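Q: Take a look at this one; I'll ask things after.
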Amino acid sequence: MSKDQHVTPHPAGGWQVKGAGNLRATVRTSTQKDAINVARTISQNQGSELVIHRPNGQIRDKDSHGKDTFPPKG
């Protein structure tokens, strides 16, 4: 089963990519943009969801790369 990939601030500075439920970061980067690019590649390969957080922890954006359980009509 694929894990959602979360882009969050790293406690020691910079940004991190973590799979849902993981204790350790998969990747740590200096910029959010770099972390998003890495997380997008991982989530596309796994067919999972990408969740991007703001510096305060709020969810900024989501992007689904898996099978959509509720596809739009038309």
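By order in the structure tokens, chains are A, B, ...; within a chain, residues start at 1; ligands start at 1, following the order shown.
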Could you pull the residues within 7 Å of A:Gly19, counting only C-alpha atoms, minus those fewer than 3 positions along the same chain, as a short mmCIF file (atom, residue, chain, number, x, y, z; two decimals) with N, CA and C atoms, in the first residue's frame?

A:
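Written out: part-v8.cif:
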data_model
loop_
_atom_site.label_atom_id
_atom_site.label_comp_id
_atom_site.auth_asym_id
_atom_site.auth_seq_id
_atom_site.Cartn_x
_atom_site.Cartn_y
_atom_site.Cartn_z
N LYS A 3 1.95 5.18 0.63
CA LYS A 3 1.78 6.15 1.71
C LYS A 3 1.69 7.55 1.13
N ASP A 4 0.81 8.35 1.71
CA ASP A 4 0.76 9.76 1.33
C ASP A 4 2.09 10.40 1.68
N GLN A 5 2.54 11.32 0.83
CA GLN A 5 3.80 12.02 1.04
C GLN A 5 3.50 13.43 1.55
N HIS A 6 4.09 13.79 2.69
CA HIS A 6 3.86 15.08 3.31
C HIS A 6 5.12 15.94 3.23
N ASN A 22 5.57 7.64 9.02
CA ASN A 22 7.01 7.44 9.20
C ASN A 22 7.53 8.35 10.31
#

Q: Can you tell me which residues surround A:Ser43 at a distance of at most 12 Å, considering only C-alpha atoms, apart from same-chain residues fewer than 2 positions away, and format the answer as a PyMOL selection string?

A: chain A and resi 1-7+17-20+36-41+45-52+62-67

Q: Based on the selection just made, write N, CA and C atoms of those residues as a compact mmCIF listing (two decimals), in the first residue's frame.

A:
# COMPACT_ATOMS: atom_id res chain seq x y z
N MET A 1 0.85 -1.19 0.00
CA MET A 1 0.00 0.00 0.00
C MET A 1 0.88 1.24 0.00
N SER A 2 0.49 2.23 -0.79
CA SER A 2 1.27 3.44 -0.89
C SER A 2 0.94 4.40 0.25
N LYS A 3 1.95 5.18 0.63
CA LYS A 3 1.78 6.15 1.71
C LYS A 3 1.69 7.55 1.13
N ASP A 4 0.81 8.35 1.71
CA ASP A 4 0.76 9.76 1.33
C ASP A 4 2.09 10.40 1.68
N GLN A 5 2.54 11.32 0.83
CA GLN A 5 3.80 12.02 1.04
C GLN A 5 3.50 13.43 1.55
N HIS A 6 4.09 13.79 2.69
CA HIS A 6 3.86 15.08 3.31
C HIS A 6 5.12 15.94 3.23
N VAL A 7 4.94 17.19 2.80
CA VAL A 7 6.03 18.18 2.78
C VAL A 7 5.79 19.08 3.99
N VAL A 17 10.45 15.70 3.46
CA VAL A 17 9.42 14.86 2.84
C VAL A 17 9.32 13.62 3.72
N LYS A 18 8.10 13.36 4.21
CA LYS A 18 7.88 12.19 5.05
C LYS A 18 6.68 11.41 4.55
N GLY A 19 6.82 10.10 4.52
CA GLY A 19 5.68 9.25 4.23
C GLY A 19 4.76 9.24 5.44
N ALA A 20 3.46 9.12 5.21
CA ALA A 20 2.49 9.11 6.31
C ALA A 20 2.83 8.00 7.30
N ILE A 36 8.91 19.77 -2.50
CA ILE A 36 7.69 19.48 -3.27
C ILE A 36 8.04 18.67 -4.52
N ASN A 37 9.11 19.04 -5.20
CA ASN A 37 9.52 18.31 -6.41
C ASN A 37 9.86 16.86 -6.10
N VAL A 38 10.58 16.63 -5.01
CA VAL A 38 10.94 15.27 -4.61
C VAL A 38 9.69 14.49 -4.22
N ALA A 39 8.83 15.10 -3.40
CA ALA A 39 7.61 14.44 -2.93
C ALA A 39 6.67 14.14 -4.09
N ARG A 40 6.59 15.02 -5.07
CA ARG A 40 5.72 14.80 -6.23
C ARG A 40 6.19 13.57 -7.02
N THR A 41 7.49 13.45 -7.21
CA THR A 41 8.04 12.29 -7.91
C THR A 41 7.73 11.00 -7.16
N ASN A 45 5.18 7.95 -8.43
CA ASN A 45 5.67 6.58 -8.57
C ASN A 45 4.84 5.60 -7.73
N GLN A 46 4.38 6.05 -6.57
CA GLN A 46 3.62 5.18 -5.67
C GLN A 46 2.12 5.24 -5.92
N GLY A 47 1.67 6.22 -6.69
CA GLY A 47 0.24 6.40 -6.90
C GLY A 47 -0.46 6.84 -5.62
N SER A 48 0.19 7.75 -4.88
CA SER A 48 -0.35 8.21 -3.60
C SER A 48 -0.67 9.70 -3.66
N GLU A 49 -1.02 10.26 -2.52
CA GLU A 49 -1.38 11.66 -2.44
C GLU A 49 -0.21 12.49 -1.92
N LEU A 50 -0.07 13.69 -2.48
CA LEU A 50 0.93 14.65 -2.04
C LEU A 50 0.23 15.69 -1.18
N VAL A 51 0.72 15.91 0.03
CA VAL A 51 0.13 16.88 0.95
C VAL A 51 1.22 17.91 1.30
N ILE A 52 0.96 19.17 0.97
CA ILE A 52 1.93 20.24 1.21
C ILE A 52 1.44 21.08 2.38
N LYS A 62 -3.14 19.92 -1.72
CA LYS A 62 -3.10 18.47 -1.90
C LYS A 62 -3.13 18.16 -3.38
N ASP A 63 -2.49 17.06 -3.75
CA ASP A 63 -2.49 16.63 -5.15
C ASP A 63 -2.52 15.11 -5.16
N SER A 64 -3.53 14.55 -5.81
CA SER A 64 -3.70 13.11 -5.84
C SER A 64 -3.07 12.53 -7.09
N HIS A 65 -2.24 11.51 -6.91
CA HIS A 65 -1.60 10.83 -8.03
C HIS A 65 -2.04 9.38 -8.12
N GLY A 66 -2.97 8.99 -7.29
CA GLY A 66 -3.45 7.61 -7.30
C GLY A 66 -4.79 7.49 -7.99
N LYS A 67 -5.45 6.40 -7.75
CA LYS A 67 -6.79 6.21 -8.29
C LYS A 67 -7.75 7.08 -7.50

Q: Skipping near chain neighbours, those fewer than 3 positions away, what residues fall within 6 Å of stretch 8-14 of chain A using only C-alpha atoms, listed as JSON, numbers by chain?

A: {"A": [29, 30, 31, 53, 55]}

Q: Generate the output file for the selected residues, C-alpha atoms, as a short mmCIF file (atom, residue, chain, number, x, y, z; two decimals), in the first residue's frame.

A:
data_model
loop_
_atom_site.label_atom_id
_atom_site.label_comp_id
_atom_site.auth_asym_id
_atom_site.auth_seq_id
_atom_site.Cartn_x
_atom_site.Cartn_y
_atom_site.Cartn_z
CA THR A 29 15.94 20.01 1.60
CA SER A 30 16.72 23.67 2.10
CA THR A 31 13.67 24.96 0.20
CA HIS A 53 1.96 22.03 4.58
CA PRO A 55 5.35 26.63 7.93
#

Q: Run DSSP on the backbone and tell me which residues of chain A come out as strand (DSSP E or B); list them as a PyMOL selection string.

A: chain A and resi 5-9+15-19+27-29+49-53+59-64
